[in-house]
Every structure is written in structure tokens, then in C-alpha cells.
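entry_23.txt (compact mmCIF, C-alpha atoms)
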# COMPACT_ATOMS: atom_id res chain seq x y z
CA MET C 1 -14.61 -62.15 -99.55
CA THR C 2 -11.40 -62.50 -101.54
CA ASP C 3 -8.02 -62.62 -99.78
CA ALA C 4 -7.02 -59.14 -100.85
CA TRP C 5 -10.28 -57.42 -99.87
CA PRO C 6 -9.69 -57.19 -96.08
CA TYR C 7 -6.17 -55.85 -96.68
CA LEU C 8 -7.43 -53.35 -99.21
CA MET C 9 -10.08 -52.12 -96.78
CA MET C 10 -7.55 -52.01 -93.96
CA ALA C 11 -5.19 -49.88 -96.07
CA ALA C 12 -8.05 -47.52 -96.91
CA CYS C 13 -9.04 -47.30 -93.24
CA ALA C 14 -5.42 -46.71 -92.19
CA ALA C 15 -5.24 -43.83 -94.67
CA ALA C 16 -8.58 -42.46 -93.44
CA THR C 17 -7.31 -42.67 -89.85
CA TYR C 18 -3.92 -41.08 -90.51
CA LEU C 19 -5.63 -38.34 -92.51
CA TRP C 20 -6.98 -36.82 -89.27
CA ARG C 21 -3.65 -37.08 -87.47
CA GLY C 22 -1.84 -35.51 -90.44
CA LEU C 23 -4.48 -32.78 -90.74
CA GLY C 24 -3.91 -32.04 -87.07
CA VAL C 25 -0.22 -31.41 -87.82
CA ALA C 26 -0.94 -29.34 -90.92
CA LEU C 27 -3.63 -27.21 -89.29
CA ARG C 28 -2.13 -27.04 -85.81
CA ASP C 29 -1.98 -23.23 -85.77
CA ARG C 30 -5.18 -22.62 -87.69
CA VAL C 31 -7.83 -24.60 -85.86
CA ASP C 32 -10.08 -23.15 -83.20
CA LEU C 33 -10.83 -25.98 -80.80
CA ARG C 34 -13.41 -24.00 -78.87
CA GLY C 35 -15.89 -24.25 -81.73
CA GLY C 36 -18.85 -26.60 -81.49
CA ALA C 37 -17.72 -28.77 -84.40
CA PHE C 38 -15.28 -30.77 -82.28
CA GLU C 39 -17.76 -31.26 -79.49
CA TRP C 40 -20.26 -32.50 -82.05
CA ILE C 41 -17.81 -34.91 -83.67
CA GLY C 42 -16.82 -36.12 -80.20
CA CYS C 43 -20.47 -36.95 -79.51
CA VAL C 44 -20.78 -38.72 -82.87
CA ALA C 45 -17.70 -40.86 -82.19
CA TYR C 46 -18.93 -41.72 -78.69
CA ALA C 47 -22.38 -42.66 -79.96
CA LEU C 48 -20.97 -44.72 -82.82
CA VAL C 49 -18.65 -46.76 -80.61
CA ALA C 50 -21.30 -47.11 -77.87
CA GLY C 51 -23.76 -48.30 -80.52
CA LEU C 52 -21.26 -50.88 -81.81
CA MET C 53 -20.42 -52.20 -78.35
CA ALA C 54 -24.09 -52.41 -77.36
CA ARG C 55 -24.80 -54.31 -80.58
CA ILE C 56 -21.88 -56.68 -79.97
CA ILE C 57 -23.18 -57.42 -76.46
CA VAL C 58 -26.92 -57.58 -77.31
CA ALA C 59 -26.88 -58.95 -80.86
CA PRO C 60 -23.40 -60.10 -81.94
CA VAL C 61 -22.99 -61.17 -85.55
CA GLY C 62 -19.43 -62.40 -85.07
CA PRO C 63 -17.99 -65.19 -82.89
CA LEU C 64 -19.82 -64.03 -79.75
CA ALA C 65 -23.10 -65.15 -81.34
CA ALA C 66 -22.18 -68.58 -79.95
CA THR C 67 -22.65 -67.33 -76.37
CA ALA C 68 -25.97 -66.75 -74.58
CA LEU C 69 -27.42 -63.23 -74.32
CA SER C 70 -28.08 -63.69 -70.58
CA HIS C 71 -24.43 -64.72 -70.08
CA ARG C 72 -23.10 -61.69 -71.96
CA LEU C 73 -25.34 -59.29 -70.03
CA ALA C 74 -24.45 -60.87 -66.68
CA ALA C 75 -20.72 -60.83 -67.49
CA ALA C 76 -20.88 -57.16 -68.47
CA GLY C 77 -22.70 -56.41 -65.21
CA ILE C 78 -20.06 -58.31 -63.21
CA ALA C 79 -17.29 -56.39 -64.99
CA ILE C 80 -18.87 -53.04 -64.11
CA LEU C 81 -19.42 -54.15 -60.50
CA ALA C 82 -15.80 -55.31 -60.11
CA PHE C 83 -14.62 -52.08 -61.71
CA TYR C 84 -16.42 -49.94 -59.14
CA ILE C 85 -15.58 -52.18 -56.17
CA VAL C 86 -11.81 -52.17 -56.86
CA LYS C 87 -11.31 -48.40 -57.01
CA ARG C 88 -12.36 -48.02 -60.65
CA ASN C 89 -9.60 -50.30 -61.90
CA ILE C 90 -10.25 -51.13 -65.57
CA PHE C 91 -7.88 -54.10 -65.62
CA VAL C 92 -9.68 -55.80 -62.72
CA GLY C 93 -13.03 -55.18 -64.41
CA LEU C 94 -11.74 -56.68 -67.66
CA VAL C 95 -10.45 -59.85 -65.98
CA ALA C 96 -13.64 -60.28 -63.93
CA GLY C 97 -15.90 -59.86 -66.95
CA VAL C 98 -13.95 -62.26 -69.14
CA ILE C 99 -13.66 -64.97 -66.48
CA ALA C 100 -17.38 -64.61 -65.74
CA LEU C 101 -18.31 -65.14 -69.39
CA ILE C 102 -15.92 -68.09 -69.78
CA LEU C 103 -17.27 -69.83 -66.66
CA MET C 104 -20.89 -69.24 -67.65
CA THR C 105 -20.28 -70.45 -71.22
CA PHE C 106 -18.57 -73.58 -69.91
CA GLY C 107 -21.36 -74.03 -67.37
CA GLY C 108 -23.97 -73.70 -70.09
CA ALA C 109 -22.22 -76.22 -72.31
CA PHE C 110 -22.04 -79.06 -69.80
CA MET U 1 -7.67 -45.39 -64.22
CA SER U 2 -5.73 -44.07 -61.25
CA LEU U 3 -2.04 -43.66 -61.94
CA PRO U 4 0.40 -43.07 -59.10
CA LYS U 5 1.48 -39.45 -58.76
CA PRO U 6 4.81 -38.87 -60.55
CA GLU U 7 7.52 -38.14 -57.99
CA VAL U 8 9.87 -36.15 -60.23
CA PRO U 9 8.57 -33.39 -62.50
CA GLY U 10 11.63 -33.37 -64.80
CA TYR U 11 14.32 -35.79 -65.94
CA ALA U 12 18.12 -35.45 -66.02
CA SER U 13 18.29 -35.55 -69.84
CA PRO U 14 16.12 -36.14 -72.92
CA ARG U 15 17.45 -39.70 -72.88
CA ALA U 16 16.23 -40.13 -69.32
CA ALA U 17 12.88 -38.64 -70.39
CA LEU U 18 12.62 -41.30 -73.11
CA PHE U 19 13.08 -44.03 -70.52
CA GLY U 20 10.73 -42.16 -68.21
CA GLY U 21 8.08 -42.42 -70.92
CA ILE U 22 8.76 -46.12 -71.35
CA GLY U 23 8.42 -46.64 -67.60
CA GLU U 24 5.19 -44.66 -67.48
CA ALA U 25 3.78 -46.87 -70.25
CA LEU U 26 4.69 -50.12 -68.52
CA ARG U 27 3.28 -49.02 -65.17
CA ALA U 28 -0.42 -49.45 -65.94
CA PRO U 29 -1.64 -48.43 -69.42
CA ALA U 30 0.30 -51.15 -71.23
CA TRP U 31 -1.55 -53.81 -69.24
CA VAL U 32 -5.00 -52.47 -69.96
CA LEU U 33 -4.35 -51.63 -73.61
CA GLY U 34 -2.47 -54.91 -74.04
CA ALA U 35 -5.44 -56.86 -72.70
CA SER U 36 -7.84 -55.11 -75.04
CA TYR U 37 -5.55 -55.83 -78.01
CA VAL U 38 -5.38 -59.49 -76.96
CA GLY U 39 -9.14 -59.23 -77.37
CA PHE U 40 -8.73 -57.66 -80.79
CA GLY U 41 -6.28 -60.39 -81.90
CA SER U 42 -8.80 -63.02 -80.76
CA LEU U 43 -11.59 -61.25 -82.63
CA VAL U 44 -9.46 -61.28 -85.80
CA LYS U 45 -8.81 -65.00 -85.45
CA GLU U 46 -12.42 -65.87 -84.59
CA SER U 47 -13.66 -63.74 -87.50
CA GLY U 48 -11.64 -65.88 -89.90
CA LEU U 49 -9.15 -63.15 -90.79
CA GLY U 50 -5.39 -63.68 -90.89
CA LEU U 51 -2.62 -62.91 -88.40
CA GLY U 52 -0.96 -60.60 -90.93
CA PHE U 53 -4.18 -58.62 -91.27
CA GLY U 54 -4.55 -58.21 -87.52
CA VAL U 55 -0.96 -57.17 -86.87
CA ALA U 56 -0.82 -54.88 -89.90
CA SER U 57 -4.01 -53.13 -88.80
CA THR U 58 -2.49 -52.38 -85.38
CA VAL U 59 0.72 -51.12 -87.00
CA ALA U 60 -1.00 -49.01 -89.66
CA MET U 61 -4.21 -47.86 -87.92
CA TRP U 62 -3.28 -47.93 -84.21
CA ALA U 63 -6.81 -46.99 -83.20
CA LEU U 64 -8.81 -49.73 -81.50
CA PRO U 65 -12.37 -48.46 -82.12
CA GLY U 66 -11.65 -48.08 -85.84
CA GLN U 67 -10.04 -51.51 -86.00
CA ILE U 68 -13.05 -53.16 -84.36
CA VAL U 69 -15.46 -51.29 -86.64
CA LEU U 70 -13.40 -52.52 -89.61
CA VAL U 71 -13.46 -56.18 -88.55
CA GLU U 72 -17.16 -56.09 -87.64
CA LEU U 73 -18.20 -54.45 -90.92
CA LEU U 74 -15.95 -56.77 -92.96
CA GLY U 75 -17.74 -59.67 -91.28
CA LEU U 76 -21.09 -58.19 -92.29
CA GLY U 77 -19.94 -57.79 -95.88
CA ALA U 78 -20.51 -54.05 -95.77
CA SER U 79 -19.61 -51.87 -98.75
CA ALA U 80 -16.26 -50.10 -99.01
CA LEU U 81 -17.92 -46.71 -98.61
CA ALA U 82 -19.79 -47.75 -95.46
CA ILE U 83 -16.60 -49.17 -93.91
CA VAL U 84 -14.32 -46.23 -94.66
CA ALA U 85 -16.97 -43.67 -93.65
CA ALA U 86 -17.65 -45.34 -90.28
CA VAL U 87 -13.95 -45.82 -89.49
CA SER U 88 -13.23 -42.26 -90.51
CA LEU U 89 -15.90 -40.94 -88.13
CA THR U 90 -14.25 -42.75 -85.22
CA ALA U 91 -10.88 -41.22 -86.21
CA VAL U 92 -11.85 -37.53 -86.48
CA ARG U 93 -11.06 -37.24 -82.77
CA PHE U 94 -7.36 -37.42 -83.70
CA LEU U 95 -7.50 -33.96 -85.24
CA PRO U 96 -8.23 -32.02 -82.03
CA MET U 97 -5.97 -34.39 -80.09
CA THR U 98 -3.04 -33.70 -82.42
CA VAL U 99 -3.73 -29.96 -82.46
CA THR U 100 -3.68 -29.76 -78.65
CA LEU U 101 -0.68 -32.04 -78.06
CA LEU U 102 1.80 -30.88 -80.70
CA PRO U 103 2.33 -27.35 -79.34
CA LEU U 104 3.47 -28.98 -76.09
CA LEU U 105 6.04 -31.16 -77.88
CA ARG U 106 7.39 -28.39 -80.09
CA ARG U 107 10.87 -27.00 -79.60
CA PRO U 108 12.97 -24.72 -81.82
CA GLY U 109 14.81 -26.41 -84.68
CA LEU U 110 12.56 -29.45 -84.92
CA SER U 111 11.64 -30.16 -88.53
CA ALA U 112 8.03 -30.62 -89.63
CA TRP U 113 8.43 -34.20 -90.88
CA ARG U 114 9.13 -35.37 -87.35
CA PHE U 115 5.70 -34.13 -86.35
CA TYR U 116 4.07 -36.03 -89.21
CA VAL U 117 5.79 -39.22 -88.02
CA THR U 118 5.06 -38.51 -84.36
CA ALA U 119 1.40 -37.85 -85.14
CA HIS U 120 0.91 -41.49 -86.16
CA LEU U 121 1.67 -42.55 -82.58
CA ILE U 122 -0.98 -40.33 -80.99
CA ALA U 123 -3.80 -42.34 -79.44
CA VAL U 124 -6.29 -41.67 -76.65
CA THR U 125 -4.29 -43.20 -73.79
CA ASN U 126 -0.89 -41.65 -74.51
CA TRP U 127 -2.52 -38.35 -75.41
CA ALA U 128 -4.27 -38.12 -72.04
CA ILE U 129 -1.09 -38.98 -70.13
CA SER U 130 1.10 -36.61 -72.18
CA MET U 131 -1.34 -33.72 -71.85
CA LYS U 132 -0.97 -34.09 -68.10
CA ARG U 133 2.76 -34.82 -67.84
CA CYS U 134 4.40 -32.80 -70.63
CA PRO U 135 3.65 -29.31 -69.23
CA GLU U 136 5.61 -30.36 -66.11
CA LEU U 137 8.70 -31.24 -68.18
CA PRO U 138 11.33 -28.93 -69.71
CA PRO U 139 10.45 -28.37 -73.42
CA GLY U 140 13.55 -30.26 -74.56
CA GLN U 141 12.42 -33.47 -72.85
CA ARG U 142 8.76 -33.60 -73.86
CA LEU U 143 9.07 -35.18 -77.30
CA ALA U 144 11.44 -37.83 -75.91
CA PHE U 145 8.96 -38.61 -73.12
CA PHE U 146 6.07 -38.85 -75.56
CA ILE U 147 8.00 -41.11 -77.96
CA GLY U 148 9.05 -43.38 -75.09
CA LEU U 149 5.48 -43.62 -73.86
CA ALA U 150 3.65 -43.89 -77.19
CA ALA U 151 6.11 -46.16 -79.02
CA THR U 152 6.14 -48.57 -76.07
CA LEU U 153 2.34 -48.76 -76.01
CA TRP U 154 2.27 -49.17 -79.80
CA MET U 155 4.75 -52.06 -79.72
CA VAL U 156 3.02 -53.74 -76.78
CA THR U 157 -0.30 -53.64 -78.64
CA ILE U 158 1.29 -55.01 -81.85
CA LEU U 159 2.69 -57.90 -79.82
CA CYS U 160 -0.59 -58.40 -77.97
CA THR U 161 -2.54 -58.53 -81.26
CA ALA U 162 -0.39 -61.52 -82.24
CA ILE U 163 -0.67 -63.07 -78.76
CA GLY U 164 -4.46 -62.77 -78.85
CA PHE U 165 -4.53 -64.35 -82.31
CA PHE U 166 -2.49 -67.37 -81.21
CA LEU U 167 -4.28 -67.71 -77.86
CA ALA U 168 -7.67 -67.80 -79.56
CA GLY U 169 -6.45 -70.65 -81.74
CA SER U 170 -4.98 -72.74 -78.94
CA VAL U 171 -7.52 -72.65 -76.09
CA PRO U 172 -11.02 -74.16 -75.83
CA GLU U 173 -13.70 -72.26 -77.75
CA ALA U 174 -15.39 -70.94 -74.59
CA VAL U 175 -12.11 -69.36 -73.48
CA SER U 176 -11.34 -67.71 -76.80
CA LEU U 177 -14.89 -66.31 -76.82
CA GLY U 178 -14.06 -64.82 -73.43
CA PHE U 179 -11.07 -63.08 -75.04
CA VAL U 180 -13.26 -61.73 -77.83
CA PHE U 181 -15.50 -60.34 -75.10
CA LEU U 182 -12.57 -58.21 -73.82
CA ASN U 183 -13.35 -55.35 -76.19
CA PRO U 184 -17.03 -54.74 -75.53
CA ILE U 185 -16.16 -54.87 -71.81
CA TYR U 186 -13.17 -52.59 -72.24
CA PHE U 187 -15.23 -49.91 -73.91
CA THR U 188 -18.13 -50.34 -71.51
CA LEU U 189 -15.76 -49.72 -68.58
CA LEU U 190 -14.03 -46.87 -70.38
CA PHE U 191 -17.42 -45.23 -70.88
CA ALA U 192 -18.45 -45.98 -67.28
CA SER U 193 -15.32 -44.19 -66.04
CA ASP U 194 -15.90 -41.11 -68.18
CA VAL U 195 -19.48 -39.91 -67.95
CA ARG U 196 -18.91 -36.51 -66.39
CA GLN U 197 -19.82 -34.61 -69.56
CA ARG U 198 -23.58 -34.51 -70.10
CA SER U 199 -23.41 -34.42 -73.92
CA ARG U 200 -21.23 -37.57 -73.90
CA LEU U 201 -23.58 -39.30 -71.48
CA ILE U 202 -26.57 -38.66 -73.75
CA ALA U 203 -24.51 -39.85 -76.74
CA LEU U 204 -23.61 -43.08 -74.94
CA ALA U 205 -27.15 -43.85 -73.82
CA LEU U 206 -28.78 -43.02 -77.13
CA GLY U 207 -26.02 -44.73 -79.14
CA GLY U 208 -26.35 -47.83 -76.98
CA VAL U 209 -30.09 -48.04 -77.74
CA LEU U 210 -29.97 -47.06 -81.41
CA GLY U 211 -26.94 -49.27 -82.24
CA PRO U 212 -28.70 -52.64 -82.00
CA VAL U 213 -32.02 -51.27 -83.37
CA LEU U 214 -30.60 -49.58 -86.46
CA HIS U 215 -28.40 -52.60 -87.11
CA LEU U 216 -31.61 -54.57 -87.69
CA ALA U 217 -32.79 -51.89 -90.11
CA SER U 218 -29.53 -51.79 -92.07
CA PRO U 219 -26.44 -53.86 -91.20
CA ASP U 220 -24.47 -51.82 -93.73
CA TRP U 221 -25.27 -48.28 -92.59
CA GLY U 222 -26.86 -48.78 -89.18
CA LEU U 223 -23.65 -48.04 -87.31
CA LEU U 224 -22.92 -44.84 -89.19
CA VAL U 225 -26.49 -43.57 -88.84
CA THR U 226 -26.39 -44.44 -85.12
CA GLY U 227 -23.30 -42.30 -84.64
CA VAL U 228 -24.57 -39.31 -86.59
CA VAL U 229 -28.14 -39.34 -85.23
CA ALA U 230 -27.37 -40.17 -81.57
CA GLY U 231 -24.30 -37.91 -81.58
CA SER U 232 -26.17 -34.96 -83.09
CA VAL U 233 -29.16 -35.34 -80.78
CA ALA U 234 -26.77 -35.49 -77.82
CA TYR U 235 -24.90 -32.39 -78.96
CA LEU U 236 -28.01 -30.37 -79.74
CA GLY U 237 -29.89 -31.70 -76.71
CA ASP U 238 -27.07 -30.72 -74.39
CA HIS U 239 -27.05 -27.21 -75.84
CA TRP U 240 -30.81 -26.95 -75.56
CA LEU U 241 -30.74 -28.08 -71.93
CA GLN U 242 -27.92 -25.66 -71.29
CA ARG U 243 -29.99 -22.74 -72.49
CA HIS U 244 -33.52 -23.61 -71.39
CA TRP U 245 -33.45 -26.06 -68.58
CA LEU U 246 -30.45 -27.23 -66.60
CA PRO U 247 -27.04 -25.66 -67.01
CA ALA U 248 -24.49 -28.51 -66.82
CA ARG U 249 -22.33 -28.49 -63.73
CA HIS U 250 -19.06 -28.78 -65.61
CA ASP U 251 -19.33 -25.46 -67.44

The structure given in the file should be rewritten as C-alpha cells.
Amino acid sequence: MTDAWPYLMMAACAAATYLWRGLGVALRDRVDLRGGAFEWIGCVAYALVAGLMARIIVAPVGPLAATALSHRLAAAGIAILAFYIVKRNIFVGLVAGVIALILMTFGGAF
Amino acid sequence: MSLPKPEVPGYASPRAALFGGIGEALRAPAWVLGASYVGFGSLVKESGLGLGFGVASTVAMWALPGQIVLVELLGLGASALAIVAAVSLTAVRFLPMTVTLLPLLRRPGLSAWRFYVTAHLIAVTNWAISMKRCPELPPGQRLAFFIGLAATLWMVTILCTAIGFFLAGSVPEAVSLGFVFLNPIYFTLLFASDVRQRSRLIALALGGVLGPVLHLASPDWGLLVTGVVAGSVAYLGDHWLQRHWLPARHD
């Protein structure tokens, strides 16, 4: 990977992202949102992001590969549990999940 | 996320609406979004990418799922086409979001270029809040409210990207890995809090299973194929169930 490559890709992705926002402005009076196309694309986006997150938790290729699978699964479970216990508060779930993974990773290292 | 009920439906002036938007942002969403962008900043650092890259991506893209897809696929050495196609698929949602929000913000005499600038600030969180709050406001105050809300969240996340980057570099490895874990948890919780729609639920479940499996088959295209296959099956399956089996409760 050269130094310019990530920036080049980021610029391309920024353009690809803004494209949809700009199209929304341009077509604001000409788009029928009740059609199935938007529901379909919503499902595709959900599935894509869910697939990525599941892969990051189950089989990370990045930095999280240094942590244990059992720790990641347990931490995710703890996050969901905390989220539901504290009135579906996402922030509490986030903090609980992260602290759980940190403690387990430390515990596993020593 | 449960936000407190707003006490006042309207503000004294557009200026007050701007500050109202800023206040609304700082109440709860800035904390949650900020935390997830701390996670993104840590991911950037731990992936060996630069601070400038991380911050610039938040400024220019301002769409967390797309940013994570970008960093993950860069790490895998995926092709340009695979990266842009996958990121683009996560961003199509901005089209219907923009189309539904802009009519609310419109007022006579506002030039088109303002909408093109404003559109860059639209993201899931501020869209959901504005769709709820703006109809309660006088038309002259809505754009100011949205700008206050969205620009605040945008700036907080830019700052938090940098904070996450520096934090990851200055704490023990186990702690910075915890920060990187913020994003998978954030999206898991986001999904857990929004499973009322059956088609989305099928998409989540199927995507969650296919994601890791298809990644093994093709690191380059696995993610894209996961989205298209799981998303299409969910969409078609929901329609099939609707017609032949169990009408969904929400319709």
C-alpha cells in the first residue's frame, strides 16, 4: 500500500457517498419513496453492515485478531445484556462491552 | 435510545432554534456517536493508517458504516472497484433520507446551493431526530435547528476521531483493542434496538451468517455479495411471507 492509495480510495468513497446525498437534493420532487426499490436497498445495506460486524466479531482480520474469539463473543453478549437491563441505553451497553473485553484480554494475558 | 420529551415545540427565533439544535445534539446523541467515532479513530490507528486519513474521512464521508467498510477493505488489500462498490451500497440510504428531510427544511427564497451543502450533513442520527422535531417547529426555524444539530454532531465526531487515534496510541494494547471493539458493539446494539421490521430482521440474521462465511470464500467481494444476497433474500422473503404466510404486524 503506497501512502497516497488510502487517501485516493477515501476521496473516491467520499464522492460515492455524497453522490447519494446530492442525488437526493436533485431528485427531491421526482422520487417515489413508496416503491420497493428503497426497501430493497435498505435490506441490502442492513445485511452488508451486519455481515461486516459479524465478521469483525467472529473472524477479525484487523487489530482485533489479537483478542480471543470467546472474549469477543462474551463481551458482545455482556453489551447486549447491559443495553436491555438499563432501559435500552446504547451508551451504557457500549461502555459495558468495551470494559468487559479489556478486562478479559488483560485477564487472558496474565 | 430514549430522548427526553422536548418541552417547547417552537423557539423564539431562528437563532434560538440553532442553539436548540446544538443543545439537542449535546444531550445524548453526541455521546453515543462520539464514543463510536473514538472507536473509529482507534481502528484507524491500529490499522496502521494516519491521523490525517481518519479525520479527513470523517470530514468528507461522515458516514460511519462506509468509513469502517473502507478501512476494513483497505486492510484486506481489496481492489478499488470492490471498495467503492461496497461503500456506495452502504450510502444509498442517504437518497431516501435526503428526499424525505429536505421538504421539511424548505422555506421560500432559499437557494438550491444551500440544500446541496446541507445535504452533506445528513446522517442517520440527525435525520431521525429532525424528522421527529422539525414538523413541530415553524418553517423558518427548521433549517437552523437542523444545522445546529447536525453540524454539532459532525464536529464532535471529527474531534472524537482524533481523540480515538491518540488514545489508541497512548494506552496499553488491551485497552486500545477495547476501543476498536466499540464499533462492532455499537452496530450490534443499534441493530438490537431496531428489529421491528421483519425484512430488516431477516437481513440482519442472514447477513450476520453470510458475512463471515463469504469472507472466507472471497475477502475482496464477500462483503458486497453478502449485502446483495442476504438483502435481496430478506426483501423477497418478507414479500413472500406477506402474501402467502404471515402478514407482518407493522403493515

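Nearest residue to Ala85 of chain U, choosing from C:Gly77, C:Ala4, C:Gly35, C:Leu48 and counting all atoms listed in the file: C:Leu48.
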
Q: For chain U, report every residue with an atom at most 6 Å from chain C (counting only C-alpha atoms), formatted as a ChimeraX atom specification.
A: /U:1,32,46,60-61,84,88,90-92,94-95,98-99,119,174-175,178,184,200,203-204,207-208,211-212,226-228,230-231,235

Q: In the coordinate frame of the file, compute which residues have an atom within 10 Å of (12.0, -28.8, -69.7) when using all atoms listed in the file, and state them as JSON, numbers by chain.
A: {"U": [9, 10, 11, 12, 13, 14, 17, 134, 135, 136, 137, 138, 139, 140, 141, 142]}

Okay, now the selection with C-alpha atoms, as a PDB file, in the coordinates of the input?
ATOM      1  CA  PRO U   9       8.570 -33.390 -62.500  1.00  0.00           C
ATOM      2  CA  GLY U  10      11.630 -33.370 -64.800  1.00  0.00           C
ATOM      3  CA  TYR U  11      14.320 -35.790 -65.940  1.00  0.00           C
ATOM      4  CA  ALA U  12      18.120 -35.450 -66.020  1.00  0.00           C
ATOM      5  CA  SER U  13      18.290 -35.550 -69.840  1.00  0.00           C
ATOM      6  CA  PRO U  14      16.120 -36.140 -72.920  1.00  0.00           C
ATOM      7  CA  ALA U  17      12.880 -38.640 -70.390  1.00  0.00           C
ATOM      8  CA  CYS U 134       4.400 -32.800 -70.630  1.00  0.00           C
ATOM      9  CA  PRO U 135       3.650 -29.310 -69.230  1.00  0.00           C
ATOM     10  CA  GLU U 136       5.610 -30.360 -66.110  1.00  0.00           C
ATOM     11  CA  LEU U 137       8.700 -31.240 -68.180  1.00  0.00           C
ATOM     12  CA  PRO U 138      11.330 -28.930 -69.710  1.00  0.00           C
ATOM     13  CA  PRO U 139      10.450 -28.370 -73.420  1.00  0.00           C
ATOM     14  CA  GLY U 140      13.550 -30.260 -74.560  1.00  0.00           C
ATOM     15  CA  GLN U 141      12.420 -33.470 -72.850  1.00  0.00           C
ATOM     16  CA  ARG U 142       8.760 -33.600 -73.860  1.00  0.00           C
TER      17      ARG U 142
END

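Going from atom CA of Phe191 of chain U to atom CA of Ala35 of chain U covers 16.8 Å.
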
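Taking atom CA of Glu24 of chain U and atom CA of Arg106 of chain U as the two end points, the separation is 20.7 Å.
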
Q. How would you write as a ChimeraX atom specification the residues that get within 9 Å of (-9.5, -58.2, -83.1) in the file's frame, counting all atoms listed in the file?
A. /U:36-47,54,64,67-68,71,161,164-165,180,183

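Note that atom CA of Ile185 of chain U and atom CA of Leu73 of chain C are 10.3 Å apart.
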
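Using all atoms listed in the file for every distance, the candidate list U:Met131, U:Ala80, U:Phe145, U:Leu189 yields U:Met131 as the residue closest to Pro103 of chain U.
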
Q: Tell me, as a list in words, which residues lie within 7 Å of Thr152 of chain U, counting all atoms listed in the file; anything in the same chain fewer than 3 positions away does not count.
A: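 These residues fall inside the cut-off: Ile22, Ala25, Gly148, Leu149, Met155 and Val156 of chain U.
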
Q) With all atoms listed in the file as the basis for distance, which of U:His120, U:Arg133, U:Arg198, U:His244 is at the shortest distance from Trp62 of chain U? A) U:His120

First collect every listed atom of segment 32-49 of chain C; then fit an axis-aligned box around them, widen it by 8 Å on each side, and give centre and edge lengths in Å to one decimal, as AutoDock Vina command-line options.
--center_x -16.2 --center_y -35.0 --center_z -81.5 --size_x 28.3 --size_y 39.6 --size_z 21.7

Q | Given only C-alpha atoms as the counted atoms, nearest of U:Phe115, U:Trp240, U:Trp245, U:Trp221 to Leu76 of chain U | A |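 Using only C-alpha atoms, Leu76 of chain U sits closest to U:Trp221.
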
Repair of segment 198-204 of chain U at the level of all heavy atoms, as a short mmCIF file (atom, residue, chain, number, x, y, z; two decimals), keeping the file's coordinate frame:
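Dumped to result_18.cif:
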data_model
loop_
_atom_site.label_atom_id
_atom_site.label_comp_id
_atom_site.auth_asym_id
_atom_site.auth_seq_id
_atom_site.Cartn_x
_atom_site.Cartn_y
_atom_site.Cartn_z
N ARG U 198 -22.19 -34.13 -69.83
CA ARG U 198 -23.58 -34.51 -70.10
C ARG U 198 -23.80 -34.88 -71.56
O ARG U 198 -24.49 -35.86 -71.87
CB ARG U 198 -24.52 -33.38 -69.71
CG ARG U 198 -25.98 -33.73 -69.94
CD ARG U 198 -26.90 -32.69 -69.38
NE ARG U 198 -26.66 -31.38 -69.99
CZ ARG U 198 -27.07 -30.23 -69.46
NH1 ARG U 198 -27.71 -30.23 -68.33
NH2 ARG U 198 -26.81 -29.09 -70.06
N SER U 199 -23.20 -34.13 -72.50
CA SER U 199 -23.41 -34.42 -73.92
C SER U 199 -22.93 -35.84 -74.25
O SER U 199 -23.57 -36.57 -74.98
CB SER U 199 -22.69 -33.39 -74.78
OG SER U 199 -21.31 -33.39 -74.51
N ARG U 200 -21.78 -36.23 -73.66
CA ARG U 200 -21.23 -37.57 -73.90
C ARG U 200 -22.14 -38.65 -73.32
O ARG U 200 -22.33 -39.70 -73.91
CB ARG U 200 -19.84 -37.68 -73.29
CG ARG U 200 -18.83 -36.70 -73.86
CD ARG U 200 -18.17 -37.30 -75.08
NE ARG U 200 -17.54 -36.28 -75.91
CZ ARG U 200 -16.25 -36.01 -75.90
NH1 ARG U 200 -15.44 -36.67 -75.11
NH2 ARG U 200 -15.75 -35.09 -76.69
N LEU U 201 -22.70 -38.34 -72.15
CA LEU U 201 -23.58 -39.30 -71.48
C LEU U 201 -24.81 -39.57 -72.33
O LEU U 201 -25.22 -40.72 -72.52
CB LEU U 201 -23.98 -38.74 -70.10
CG LEU U 201 -24.78 -39.67 -69.19
CD1 LEU U 201 -23.95 -40.91 -68.86
CD2 LEU U 201 -25.18 -38.95 -67.91
N ILE U 202 -25.39 -38.49 -72.88
CA ILE U 202 -26.57 -38.66 -73.75
C ILE U 202 -26.16 -39.46 -74.99
O ILE U 202 -26.88 -40.36 -75.44
CB ILE U 202 -27.14 -37.28 -74.18
CG1 ILE U 202 -27.51 -36.45 -72.94
CG2 ILE U 202 -28.37 -37.47 -75.06
CD1 ILE U 202 -27.91 -35.02 -73.27
N ALA U 203 -24.98 -39.14 -75.55
CA ALA U 203 -24.51 -39.85 -76.74
C ALA U 203 -24.35 -41.34 -76.47
O ALA U 203 -24.72 -42.18 -77.29
CB ALA U 203 -23.18 -39.25 -77.22
N LEU U 204 -23.81 -41.67 -75.30
CA LEU U 204 -23.61 -43.08 -74.94
C LEU U 204 -24.93 -43.81 -74.81
O LEU U 204 -25.13 -44.89 -75.37
CB LEU U 204 -22.88 -43.17 -73.60
CG LEU U 204 -21.42 -42.77 -73.56
CD1 LEU U 204 -20.86 -42.93 -72.15
CD2 LEU U 204 -20.63 -43.62 -74.53
#
